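Data block for query.cif (mmCIF, C-alpha atoms and all ligand atoms):
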```
data_my_file
loop_
_atom_site.group_PDB
_atom_site.id
_atom_site.type_symbol
_atom_site.label_atom_id
_atom_site.label_comp_id
_atom_site.auth_asym_id
_atom_site.auth_seq_id
_atom_site.Cartn_x
_atom_site.Cartn_y
_atom_site.Cartn_z
ATOM 1 C CA MET M 513 -12.007 2.321 17.994
ATOM 2 C CA SER M 514 -10.294 4.946 15.933
ATOM 3 C CA VAL M 515 -6.869 3.360 15.527
ATOM 4 C CA VAL M 516 -6.967 0.452 13.088
ATOM 5 C CA LEU M 517 -3.299 -0.377 12.984
ATOM 6 C CA GLU M 518 -0.650 0.386 15.522
ATOM 7 C CA THR M 519 3.007 -0.518 15.776
ATOM 8 C CA ARG M 520 4.914 -0.189 19.024
ATOM 9 C CA GLN M 521 8.670 0.187 18.779
ATOM 10 C CA LEU M 522 8.736 -2.092 15.794
ATOM 11 C CA THR M 523 12.284 -3.134 15.007
ATOM 12 C CA LYS M 524 13.871 -5.358 12.381
ATOM 13 C CA GLU M 525 17.540 -6.192 12.277
ATOM 14 C CA PHE M 526 19.337 -8.002 9.518
ATOM 15 C CA LYS M 527 22.596 -9.416 10.823
ATOM 16 C CA GLY M 528 23.196 -6.470 13.122
ATOM 17 C CA PHE M 529 21.938 -3.876 10.621
ATOM 18 C CA THR M 530 18.775 -2.156 11.838
ATOM 19 C CA ALA M 531 16.474 -1.691 8.842
ATOM 20 C CA VAL M 532 13.443 -0.674 10.945
ATOM 21 C CA ASN M 533 14.252 1.061 14.208
ATOM 22 C CA ASN M 534 11.690 1.516 16.996
ATOM 23 C CA VAL M 535 8.901 2.594 14.687
ATOM 24 C CA SER M 536 5.650 3.456 16.446
ATOM 25 C CA LEU M 537 2.870 4.170 13.973
ATOM 26 C CA ARG M 538 -0.824 4.783 14.433
ATOM 27 C CA VAL M 539 -3.108 4.501 11.466
ATOM 28 C CA GLN M 540 -6.522 6.079 12.010
ATOM 29 C CA ARG M 541 -9.649 4.379 10.761
ATOM 30 C CA GLY M 542 -10.829 5.785 7.452
ATOM 31 C CA HIS M 543 -7.546 7.488 6.671
ATOM 32 C CA ILE M 544 -5.329 7.231 3.644
ATOM 33 C CA HIS M 545 -1.997 7.106 5.430
ATOM 34 C CA ALA M 546 1.213 7.393 3.431
ATOM 35 C CA LEU M 547 4.599 6.027 4.389
ATOM 36 C CA ILE M 548 7.386 7.895 2.659
ATOM 37 C CA GLY M 549 11.135 8.250 2.920
ATOM 38 C CA PRO M 550 14.306 8.210 0.880
ATOM 39 C CA ASN M 551 15.609 5.046 -0.715
ATOM 40 C CA GLY M 552 16.706 2.535 1.913
ATOM 41 C CA ALA M 553 14.630 4.179 4.665
ATOM 42 C CA GLY M 554 12.967 0.881 5.571
ATOM 43 C CA LYS M 555 9.550 1.321 3.952
ATOM 44 C CA THR M 556 9.419 -2.058 2.260
ATOM 45 C CA THR M 557 10.796 -3.813 5.334
ATOM 46 C CA CYS M 558 8.113 -2.104 7.400
ATOM 47 C CA PHE M 559 5.465 -3.308 4.961
ATOM 48 C CA ASN M 560 6.852 -6.821 5.073
ATOM 49 C CA LEU M 561 6.586 -6.787 8.851
ATOM 50 C CA LEU M 562 2.985 -5.587 8.718
ATOM 51 C CA THR M 563 2.001 -8.274 6.228
ATOM 52 C CA LYS M 564 3.953 -10.921 8.125
ATOM 53 C CA PHE M 565 6.428 -11.650 5.379
ATOM 54 C CA LEU M 566 9.078 -10.861 7.968
ATOM 55 C CA VAL M 567 9.144 -11.508 11.700
ATOM 56 C CA PRO M 568 10.111 -8.455 13.779
ATOM 57 C CA THR M 569 13.215 -8.582 15.942
ATOM 58 C CA SER M 570 11.266 -6.734 18.620
ATOM 59 C CA GLY M 571 8.206 -4.589 19.044
ATOM 60 C CA GLN M 572 4.510 -5.157 18.529
ATOM 61 C CA ILE M 573 1.851 -4.879 15.838
ATOM 62 C CA LEU M 574 -1.760 -4.347 16.857
ATOM 63 C CA PHE M 575 -4.780 -4.563 14.568
ATOM 64 C CA ASN M 576 -7.970 -3.198 16.071
ATOM 65 C CA GLY M 577 -6.272 -3.334 19.432
ATOM 66 C CA ARG M 578 -5.364 -7.007 19.122
ATOM 67 C CA ASP M 579 -1.755 -8.125 19.119
ATOM 68 C CA ILE M 580 -1.024 -9.723 15.740
ATOM 69 C CA THR M 581 2.765 -9.630 16.043
ATOM 70 C CA MET M 582 3.011 -13.391 15.824
ATOM 71 C CA ALA M 583 -0.061 -14.083 13.703
ATOM 72 C CA ARG M 584 0.428 -15.939 10.439
ATOM 73 C CA PRO M 585 -0.096 -14.159 7.090
ATOM 74 C CA ALA M 586 -3.213 -16.159 6.248
ATOM 75 C CA ARG M 587 -4.797 -15.218 9.550
ATOM 76 C CA ILE M 588 -4.260 -11.500 9.241
ATOM 77 C CA ALA M 589 -5.647 -11.689 5.694
ATOM 78 C CA ARG M 590 -8.793 -13.302 7.068
ATOM 79 C CA GLN M 591 -8.975 -10.596 9.719
ATOM 80 C CA GLY M 592 -9.040 -7.980 6.987
ATOM 81 C CA ILE M 593 -5.521 -6.794 6.192
ATOM 82 C CA ILE M 594 -4.878 -7.233 2.488
ATOM 83 C CA ARG M 595 -1.792 -6.169 0.608
ATOM 84 C CA SER M 596 -2.221 -5.222 -2.989
ATOM 85 C CA PHE M 597 0.351 -5.015 -5.774
ATOM 86 C CA GLN M 598 3.541 -6.985 -6.036
ATOM 87 C CA ILE M 599 1.926 -9.737 -3.984
ATOM 88 C CA SER M 600 -1.678 -10.209 -4.983
ATOM 89 C CA ALA M 601 -0.564 -10.520 -8.560
ATOM 90 C CA VAL M 602 -3.227 -11.264 -11.092
ATOM 91 C CA PHE M 603 -3.160 -14.324 -13.323
ATOM 92 C CA PRO M 604 -2.171 -13.193 -16.826
ATOM 93 C CA HIS M 605 -3.921 -15.947 -18.751
ATOM 94 C CA LEU M 606 -7.283 -15.550 -17.064
ATOM 95 C CA THR M 607 -9.750 -12.944 -18.248
ATOM 96 C CA VAL M 608 -10.308 -9.819 -16.178
ATOM 97 C CA LEU M 609 -13.644 -11.180 -14.924
ATOM 98 C CA GLU M 610 -12.097 -14.534 -13.997
ATOM 99 C CA ASN M 611 -9.398 -12.830 -11.965
ATOM 100 C CA VAL M 612 -11.974 -10.970 -9.881
ATOM 101 C CA ARG M 613 -13.867 -14.231 -9.364
ATOM 102 C CA VAL M 614 -10.693 -15.776 -7.946
ATOM 103 C CA GLY M 615 -10.553 -12.893 -5.467
ATOM 104 C CA LEU M 616 -14.181 -13.474 -4.540
ATOM 105 C CA GLN M 617 -13.507 -17.154 -3.872
ATOM 106 C CA ARG M 618 -10.672 -16.440 -1.474
ATOM 107 C CA PRO M 619 -12.751 -15.634 1.602
ATOM 108 C CA LEU M 620 -14.546 -18.935 1.009
ATOM 109 C CA GLY M 621 -11.262 -20.714 1.559
ATOM 110 C CA ASN M 622 -11.097 -22.316 -1.856
ATOM 111 C CA SER M 623 -8.925 -19.776 -3.572
ATOM 112 C CA PHE M 624 -7.666 -21.802 -6.466
ATOM 113 C CA ALA M 625 -10.715 -23.883 -7.190
ATOM 114 C CA PHE M 626 -10.644 -23.326 -10.933
ATOM 115 C CA TRP M 627 -12.163 -26.752 -11.278
ATOM 116 C CA GLN M 628 -15.390 -25.652 -9.657
ATOM 117 C CA SER M 629 -18.435 -26.088 -11.795
ATOM 118 C CA GLU M 630 -19.111 -23.361 -14.287
ATOM 119 C CA LYS M 631 -22.480 -22.889 -12.659
ATOM 120 C CA LYS M 632 -21.006 -22.178 -9.243
ATOM 121 C CA LEU M 633 -18.490 -19.782 -10.716
ATOM 122 C CA ASN M 634 -21.113 -17.973 -12.769
ATOM 123 C CA ALA M 635 -22.991 -17.261 -9.559
ATOM 124 C CA LEU M 636 -20.126 -14.893 -8.734
ATOM 125 C CA ASN M 637 -20.354 -13.002 -12.015
ATOM 126 C CA GLY M 638 -22.800 -10.373 -10.764
ATOM 127 C CA ARG M 639 -20.617 -9.368 -7.847
ATOM 128 C CA ALA M 640 -17.492 -9.537 -10.026
ATOM 129 C CA MET M 641 -19.059 -7.169 -12.570
ATOM 130 C CA GLU M 642 -19.986 -4.748 -9.772
ATOM 131 C CA LEU M 643 -16.359 -4.675 -8.656
ATOM 132 C CA LEU M 644 -15.174 -4.148 -12.233
ATOM 133 C CA ALA M 645 -17.604 -1.241 -12.517
ATOM 134 C CA GLN M 646 -16.097 0.302 -9.368
ATOM 135 C CA VAL M 647 -12.684 0.384 -10.995
ATOM 136 C CA ASP M 648 -14.010 1.334 -14.414
ATOM 137 C CA LEU M 649 -13.084 -1.955 -16.079
ATOM 138 C CA GLU M 650 -16.466 -3.275 -17.151
ATOM 139 C CA GLN M 651 -15.653 -3.006 -20.822
ATOM 140 C CA PHE M 652 -12.569 -5.185 -20.278
ATOM 141 C CA ALA M 653 -14.393 -8.042 -18.513
ATOM 142 C CA ASP M 654 -13.650 -10.587 -21.230
ATOM 143 C CA THR M 655 -10.159 -9.336 -22.049
ATOM 144 C CA VAL M 656 -7.306 -11.699 -21.274
ATOM 145 C CA THR M 657 -5.439 -9.975 -18.464
ATOM 146 C CA ALA M 658 -2.060 -10.133 -20.221
ATOM 147 C CA ASP M 659 -3.507 -7.886 -22.942
ATOM 148 C CA LEU M 660 -4.563 -5.096 -20.552
ATOM 149 C CA PRO M 661 -2.667 -1.787 -20.602
ATOM 150 C CA TYR M 662 -0.399 -1.393 -17.548
ATOM 151 C CA GLY M 663 -2.504 1.094 -15.604
ATOM 152 C CA ARG M 664 -5.588 -1.039 -16.146
ATOM 153 C CA LYS M 665 -3.797 -4.042 -14.680
ATOM 154 C CA ARG M 666 -3.275 -2.049 -11.526
ATOM 155 C CA ALA M 667 -6.963 -1.162 -11.488
ATOM 156 C CA LEU M 668 -7.676 -4.885 -11.781
ATOM 157 C CA GLU M 669 -5.372 -5.581 -8.847
ATOM 158 C CA ILE M 670 -7.378 -3.107 -6.820
ATOM 159 C CA ALA M 671 -10.585 -4.882 -7.846
ATOM 160 C CA THR M 672 -9.208 -8.285 -6.810
ATOM 161 C CA THR M 673 -8.172 -6.764 -3.482
ATOM 162 C CA LEU M 674 -11.632 -5.237 -3.014
ATOM 163 C CA ALA M 675 -13.116 -8.658 -3.735
ATOM 164 C CA MET M 676 -11.616 -9.778 -0.435
ATOM 165 C CA ASP M 677 -13.387 -6.885 1.282
ATOM 166 C CA PRO M 678 -10.403 -5.688 3.295
ATOM 167 C CA GLU M 679 -10.756 -3.400 6.279
ATOM 168 C CA LEU M 680 -7.181 -2.240 5.770
ATOM 169 C CA MET M 681 -5.588 -2.093 2.325
ATOM 170 C CA LEU M 682 -1.817 -1.951 2.110
ATOM 171 C CA LEU M 683 -0.560 -0.525 -1.173
ATOM 172 C CA ASP M 684 3.116 -0.701 -2.009
ATOM 173 C CA GLU M 685 3.936 1.957 -4.605
ATOM 174 C CA PRO M 686 0.618 1.838 -6.447
ATOM 175 C CA THR M 687 1.676 4.258 -9.197
ATOM 176 C CA GLN M 688 5.183 2.966 -9.746
ATOM 177 C CA GLY M 689 6.193 2.842 -13.386
ATOM 178 C CA MET M 690 3.079 4.628 -14.626
ATOM 179 C CA GLY M 691 2.642 7.450 -17.067
ATOM 180 C CA HIS M 692 0.759 10.603 -16.070
ATOM 181 C CA GLU M 693 -2.629 9.494 -17.301
ATOM 182 C CA ASP M 694 -2.531 6.197 -15.424
ATOM 183 C CA VAL M 695 -1.215 7.927 -12.304
ATOM 184 C CA HIS M 696 -4.271 10.172 -12.300
ATOM 185 C CA ARG M 697 -6.633 7.297 -12.898
ATOM 186 C CA VAL M 698 -5.171 5.089 -10.173
ATOM 187 C CA THR M 699 -4.939 7.979 -7.696
ATOM 188 C CA ALA M 700 -8.599 8.780 -8.205
ATOM 189 C CA LEU M 701 -9.359 5.099 -7.872
ATOM 190 C CA ILE M 702 -7.534 4.766 -4.555
ATOM 191 C CA LYS M 703 -9.427 7.760 -3.226
ATOM 192 C CA LYS M 704 -12.693 6.243 -4.348
ATOM 193 C CA VAL M 705 -12.149 2.740 -2.978
ATOM 194 C CA ALA M 706 -10.755 4.135 0.284
ATOM 195 C CA ARG M 707 -14.236 5.272 1.292
ATOM 196 C CA GLY M 708 -15.294 3.143 4.217
ATOM 197 C CA ARG M 709 -11.845 1.539 4.484
ATOM 198 C CA THR M 710 -8.386 2.388 5.660
ATOM 199 C CA VAL M 711 -5.428 2.574 3.318
ATOM 200 C CA LEU M 712 -1.749 2.507 4.210
ATOM 201 C CA MET M 713 0.480 3.091 1.223
ATOM 202 C CA VAL M 714 4.106 3.487 0.323
ATOM 203 C CA GLU M 715 4.318 6.010 -2.490
ATOM 204 C CA HIS M 716 7.070 8.048 -4.103
ATOM 205 C CA ASN M 717 5.005 10.372 -6.206
ATOM 206 C CA MET M 718 4.491 13.488 -4.072
ATOM 207 C CA SER M 719 1.647 14.811 -6.174
ATOM 208 C CA VAL M 720 -0.220 11.562 -5.472
ATOM 209 C CA ILE M 721 0.563 11.854 -1.761
ATOM 210 C CA SER M 722 -0.373 15.511 -1.518
ATOM 211 C CA GLY M 723 -3.601 14.818 -3.370
ATOM 212 C CA ILE M 724 -5.011 11.982 -1.291
ATOM 213 C CA SER M 725 -3.129 11.464 1.996
ATOM 214 C CA ASP M 726 -4.789 12.327 5.269
ATOM 215 C CA ARG M 727 -1.597 11.660 7.160
ATOM 216 C CA ILE M 728 2.028 11.050 6.290
ATOM 217 C CA SER M 729 4.782 9.281 8.201
ATOM 218 C CA VAL M 730 8.340 9.916 7.077
ATOM 219 C CA LEU M 731 10.982 7.259 7.622
ATOM 220 C CA GLN M 732 14.688 7.870 7.499
ATOM 221 C CA ARG M 733 17.345 5.228 8.083
ATOM 222 C CA GLY M 734 14.765 2.943 9.622
ATOM 223 C CA ALA M 735 13.378 5.459 12.115
ATOM 224 C CA LEU M 736 10.347 7.706 12.130
ATOM 225 C CA LEU M 737 11.528 11.223 11.272
ATOM 226 C CA ALA M 738 8.324 13.215 11.033
ATOM 227 C CA GLU M 739 4.586 12.788 10.909
ATOM 228 C CA GLY M 740 1.662 14.980 9.981
ATOM 229 C CA THR M 741 -0.386 16.343 7.140
ATOM 230 C CA TYR M 742 1.207 17.016 3.772
ATOM 231 C CA GLN M 743 1.549 20.699 4.632
ATOM 232 C CA GLU M 744 3.272 19.933 7.913
ATOM 233 C CA VAL M 745 5.608 17.303 6.590
ATOM 234 C CA SER M 746 6.581 19.047 3.377
ATOM 235 C CA SER M 747 7.587 22.207 5.210
ATOM 236 C CA ASP M 748 9.532 20.356 7.899
ATOM 237 C CA PRO M 749 13.237 21.214 7.594
ATOM 238 C CA ARG M 750 14.227 17.736 8.804
ATOM 239 C CA VAL M 751 12.257 16.195 5.976
ATOM 240 C CA MET M 752 13.821 18.545 3.436
ATOM 241 C CA GLU M 753 17.224 17.645 4.736
ATOM 242 C CA ALA M 754 16.490 13.929 4.590
ATOM 243 C CA TYR M 755 15.530 14.198 0.954
ATOM 244 C CA MET M 756 17.872 16.863 -0.284
ATOM 245 C CA GLY M 757 20.750 16.529 2.135
ATOM 246 C CA THR M 758 20.469 20.205 3.020
ATOM 247 C CA THR M 759 18.184 22.677 4.700
ATOM 248 C CA ALA M 760 19.527 25.480 2.514
ATOM 249 C CA GLY M 761 16.216 25.497 0.672
ATOM 250 C CA THR M 762 14.335 26.640 3.760
ATOM 251 C CA THR M 763 16.526 29.638 4.402
ATOM 252 C CA ALA M 764 16.405 30.528 0.726
ATOM 253 C CA GLY M 765 12.655 30.875 1.107
ATOM 254 C CA THR M 766 11.731 27.614 -0.559
ATOM 255 C CA THR M 767 8.016 26.983 -0.519
ATOM 256 C CA ALA M 768 6.468 23.703 0.497
ATOM 257 C CA GLY M 769 5.988 23.031 -3.176
ATOM 258 C CA THR M 770 9.684 22.585 -3.747
ATOM 259 C CA VAL M 771 10.036 19.445 -1.700
ATOM 260 C CA PRO M 772 7.806 17.419 -3.978
ATOM 261 C CA GLY M 773 9.860 18.618 -6.892
ATOM 262 C CA ALA M 774 12.972 17.271 -5.249
ATOM 263 C CA LEU M 775 11.208 14.057 -4.398
ATOM 264 C CA GLU M 776 9.946 13.261 -7.867
ATOM 265 C CA GLY M 777 11.738 10.237 -9.117
ATOM 266 C CA ALA M 778 13.391 9.536 -5.767
ATOM 267 C CA HIS M 779 13.312 5.847 -4.959
HETATM 268 N N1 LIG I 801 16.810 -9.162 3.707
HETATM 269 C C1 LIG I 801 17.670 -8.165 3.984
HETATM 270 N N2 LIG I 801 18.909 -8.424 4.439
HETATM 271 C C2 LIG I 801 19.751 -7.418 4.732
HETATM 272 N N3 LIG I 801 19.470 -6.116 4.588
HETATM 273 C C3 LIG I 801 18.256 -5.788 4.120
HETATM 274 C C4 LIG I 801 17.290 -6.777 3.782
HETATM 275 N N4 LIG I 801 16.155 -6.149 3.352
HETATM 276 C C5 LIG I 801 16.424 -4.825 3.406
HETATM 277 N N5 LIG I 801 17.662 -4.610 3.872
HETATM 278 C C6 LIG I 801 18.282 -3.301 4.095
HETATM 279 O O1 LIG I 801 17.439 -2.537 4.916
HETATM 280 C C7 LIG I 801 17.393 -1.188 4.498
HETATM 281 C C8 LIG I 801 15.976 -0.763 4.215
HETATM 282 O O2 LIG I 801 15.540 -1.405 3.033
HETATM 283 P P1 LIG I 801 14.054 -1.232 2.477
HETATM 284 O O3 LIG I 801 13.086 -1.562 3.539
HETATM 285 O O4 LIG I 801 13.961 -2.006 1.218
HETATM 286 O O5 LIG I 801 14.019 0.334 2.176
HETATM 287 P P2 LIG I 801 13.004 1.192 1.272
HETATM 288 O O6 LIG I 801 11.865 0.324 0.860
HETATM 289 O O7 LIG I 801 12.585 2.346 2.130
HETATM 290 O O8 LIG I 801 13.806 1.667 0.102
HETATM 291 C C9 LIG I 801 18.296 -1.081 3.285
HETATM 292 O O9 LIG I 801 19.556 -0.606 3.700
HETATM 293 C C10 LIG I 801 18.409 -2.505 2.803
HETATM 294 O O10 LIG I 801 19.637 -2.730 2.164
HETATM 295 MG MG MG I 802 11.119 -0.201 -1.056
#
```
Could you show the structure in this file as structure tokens?
Ligand SMILES: Nc1ncnc2c1ncn2[C@@H]1O[C@H](COP(=O)(O)OP(=O)(O)O)[C@@H](O)[C@H]1O
Ligand SMILES: [Mg+2]
Amino acid sequence: MSVVLETRQLTKEFKGFTAVNNVSLRVQRGHIHALIGPNGAGKTTCFNLLTKFLVPTSGQILFNGRDITMARPARIARQGIIRSFQISAVFPHLTVLENVRVGLQRPLGNSFAFWQSEKKLNALNGRAMELLAQVDLEQFADTVTADLPYGRKRALEIATTLAMDPELMLLDEPTQGMGHEDVHRVTALIKKVARGRTVLMVEHNMSVISGISDRISVLQRGALLAEGTYQEVSSDPRVMEAYMGTTAGTTAGTTAGTVPGALEGAH
């Protein structure tokens, strides 16, 4: 099956205000799929529907063809949809290695079993170190997480997410608040860990999106405005207008490269 995640006319109203309006998305297996749109477009609400933090007003969510619209958050996590960042926060007082071990324990259903014998926990060290190596954090294994530089914390969050072996990773603004160097590192990391998985991410940084997205869906005022590759979407006059409030740029011979410029820093 080539579609991992599908929404059908997904809608969320808050007291008569429609934050997500008839959104039908199809996320292809193996893709890095980006969800973008101006501030207030409904991206976060959409994410919260997909991860079951919110119940849709109407519409359907299908994962691998199965209707999960009414499934509980814990169940969809077990089925392989894991949201990283903002939610799967790491524990600041544990070491980097210990945090990954917590992630490894989750599928076993004893997520917070810190009291488990040292011996049992140490049995997870090999796998935990492998995951740290994947995100280039081996040398920080014994560092207390609170002492990690910001970008490295995000890498650790990716490692704890990978520990749960998700089929679909949902990333909400993975490079938010980062400096250039960390943005590059985390972007490369997402590309690397996306091999053999599917990633759906909300991201504002257009250079990140242009660099790694296979497909982009653009939301505006709760509704799907455009969809396609970066080239297609960034040269779409409707998208330019949504972001810049004008299509003047197109007639003035603006290249596709100008949209990302206008989008930088948009939230
Ligand atoms: N719990 C809520 N109650 C009422 N309105 C909400 C709630 N959550 C979001 N909204 C509104 O829905 C719209 C979309 O918000 P959001 O999904 O956060 O947009 P984005 O993440 O694209 O910036 C906004 O106008 C916001 O004010
Ligand atoms: Mg948001």
Residues returned when the PyMOL selection byres (((chain M and resi 557) around 12) and not hetatm) runs on this file, as a ChimeraX atom specification | /M:522-526,530-533,535,547,551-556,558-569,684,714,731,733-735
For M:Thr741, please output as an mmCIF file with C-alpha atoms, in the coordinates of the input all residues within 12 Å (counting all atoms listed in the file; exclusion window: fewer than 4 positions along the same chain).
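Saved result, result_23.cif, follows:
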```cif
data_model
loop_
_atom_site.group_PDB
_atom_site.id
_atom_site.type_symbol
_atom_site.label_atom_id
_atom_site.label_comp_id
_atom_site.auth_asym_id
_atom_site.auth_seq_id
_atom_site.Cartn_x
_atom_site.Cartn_y
_atom_site.Cartn_z
ATOM 1 C CA HIS M 543 -7.546 7.488 6.671
ATOM 2 C CA ILE M 544 -5.329 7.231 3.644
ATOM 3 C CA HIS M 545 -1.997 7.106 5.430
ATOM 4 C CA ALA M 546 1.213 7.393 3.431
ATOM 5 C CA LEU M 547 4.599 6.027 4.389
ATOM 6 C CA ILE M 721 0.563 11.854 -1.761
ATOM 7 C CA SER M 722 -0.373 15.511 -1.518
ATOM 8 C CA GLY M 723 -3.601 14.818 -3.370
ATOM 9 C CA ILE M 724 -5.011 11.982 -1.291
ATOM 10 C CA SER M 725 -3.129 11.464 1.996
ATOM 11 C CA ASP M 726 -4.789 12.327 5.269
ATOM 12 C CA ARG M 727 -1.597 11.660 7.160
ATOM 13 C CA ILE M 728 2.028 11.050 6.290
ATOM 14 C CA SER M 729 4.782 9.281 8.201
ATOM 15 C CA VAL M 730 8.340 9.916 7.077
ATOM 16 C CA VAL M 745 5.608 17.303 6.590
ATOM 17 C CA SER M 746 6.581 19.047 3.377
ATOM 18 C CA SER M 747 7.587 22.207 5.210
ATOM 19 C CA ASP M 748 9.532 20.356 7.899
#
```
Residue neighbourhood M:Gln521, 8 Å, all atoms listed in the file, exclusion window fewer than 4 positions, as an mmCIF file with C-alpha atoms, in the coordinates of the input:
```cif
data_model
loop_
_atom_site.group_PDB
_atom_site.id
_atom_site.type_symbol
_atom_site.label_atom_id
_atom_site.label_comp_id
_atom_site.auth_asym_id
_atom_site.auth_seq_id
_atom_site.Cartn_x
_atom_site.Cartn_y
_atom_site.Cartn_z
ATOM 1 C CA ASN M 533 14.252 1.061 14.208
ATOM 2 C CA ASN M 534 11.690 1.516 16.996
ATOM 3 C CA VAL M 535 8.901 2.594 14.687
ATOM 4 C CA SER M 536 5.650 3.456 16.446
ATOM 5 C CA SER M 570 11.266 -6.734 18.620
ATOM 6 C CA GLY M 571 8.206 -4.589 19.044
ATOM 7 C CA GLN M 572 4.510 -5.157 18.529
#
```
Which residue of M:Leu616, M:Ala671, M:Leu660, M:Ile548 approaches ligand MG 802 (chain I) most closely, using only C-alpha atoms and all ligand atoms | M:Ile548
Go ahead and fit an axis-aligned box to every listed atom of ligand LIG 801 (chain I) plus 6 Å each side, and pass me the centre and edge lengths in Å, one decimal, as lines of an AutoDock Vina configuration file.
```
center_x = 15.8
center_y = -3.4
center_z = 2.5
size_x = 19.9
size_y = 23.5
size_z = 16.8
```
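With atom CA of M:Arg595 on one side and atom CA of M:Leu680 on the other, the separation reads 8.4 Å.
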Report as JSON, numbers by chain the residues that result from applying the PyMOL selection byres (((chain M and resi 540) around 7) and not hetatm) to the structure here.
-> {"M": [514, 515, 516, 538, 539, 541, 542, 543]}
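Each of M:Arg520, M:Lys527, M:Arg590, M:Gln617 was checked against M:Leu574 using all atoms listed in the file; the smallest atom-to-atom distance is that of M:Arg520.
Closest approach to ligand MG 802 (chain I) among M:Pro585, M:Gly638, M:Pro686, M:Pro749: M:Pro686, based on all atoms listed in the file.
Taking all atoms listed in the file into account, ligand MG 802 (chain I) lies nearest to M:Leu683 out of the set M:Ala738, M:Leu643, M:Leu683, M:Ile580.
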Report as an mmCIF file with C-alpha atoms, keeping the file's coordinate frame all protein, DNA and RNA residues lying within 12 Å of stretch 650-657 of chain M, evaluated on only C-alpha atoms, omitting residues in the same chain fewer than 2 positions from it.
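Saved file part29.cif follows:
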```
data_model
loop_
_atom_site.group_PDB
_atom_site.id
_atom_site.type_symbol
_atom_site.label_atom_id
_atom_site.label_comp_id
_atom_site.auth_asym_id
_atom_site.auth_seq_id
_atom_site.Cartn_x
_atom_site.Cartn_y
_atom_site.Cartn_z
ATOM 1 C CA ALA M 601 -0.564 -10.520 -8.560
ATOM 2 C CA VAL M 602 -3.227 -11.264 -11.092
ATOM 3 C CA PHE M 603 -3.160 -14.324 -13.323
ATOM 4 C CA PRO M 604 -2.171 -13.193 -16.826
ATOM 5 C CA HIS M 605 -3.921 -15.947 -18.751
ATOM 6 C CA LEU M 606 -7.283 -15.550 -17.064
ATOM 7 C CA THR M 607 -9.750 -12.944 -18.248
ATOM 8 C CA VAL M 608 -10.308 -9.819 -16.178
ATOM 9 C CA LEU M 609 -13.644 -11.180 -14.924
ATOM 10 C CA GLU M 610 -12.097 -14.534 -13.997
ATOM 11 C CA ASN M 611 -9.398 -12.830 -11.965
ATOM 12 C CA VAL M 612 -11.974 -10.970 -9.881
ATOM 13 C CA ARG M 613 -13.867 -14.231 -9.364
ATOM 14 C CA ASN M 637 -20.354 -13.002 -12.015
ATOM 15 C CA GLY M 638 -22.800 -10.373 -10.764
ATOM 16 C CA ARG M 639 -20.617 -9.368 -7.847
ATOM 17 C CA ALA M 640 -17.492 -9.537 -10.026
ATOM 18 C CA MET M 641 -19.059 -7.169 -12.570
ATOM 19 C CA GLU M 642 -19.986 -4.748 -9.772
ATOM 20 C CA LEU M 643 -16.359 -4.675 -8.656
ATOM 21 C CA LEU M 644 -15.174 -4.148 -12.233
ATOM 22 C CA ALA M 645 -17.604 -1.241 -12.517
ATOM 23 C CA GLN M 646 -16.097 0.302 -9.368
ATOM 24 C CA VAL M 647 -12.684 0.384 -10.995
ATOM 25 C CA ASP M 648 -14.010 1.334 -14.414
ATOM 26 C CA ASP M 659 -3.507 -7.886 -22.942
ATOM 27 C CA LEU M 660 -4.563 -5.096 -20.552
ATOM 28 C CA PRO M 661 -2.667 -1.787 -20.602
ATOM 29 C CA TYR M 662 -0.399 -1.393 -17.548
ATOM 30 C CA GLY M 663 -2.504 1.094 -15.604
ATOM 31 C CA ARG M 664 -5.588 -1.039 -16.146
ATOM 32 C CA LYS M 665 -3.797 -4.042 -14.680
ATOM 33 C CA ARG M 666 -3.275 -2.049 -11.526
ATOM 34 C CA ALA M 667 -6.963 -1.162 -11.488
ATOM 35 C CA LEU M 668 -7.676 -4.885 -11.781
ATOM 36 C CA GLU M 669 -5.372 -5.581 -8.847
ATOM 37 C CA ALA M 671 -10.585 -4.882 -7.846
#
```
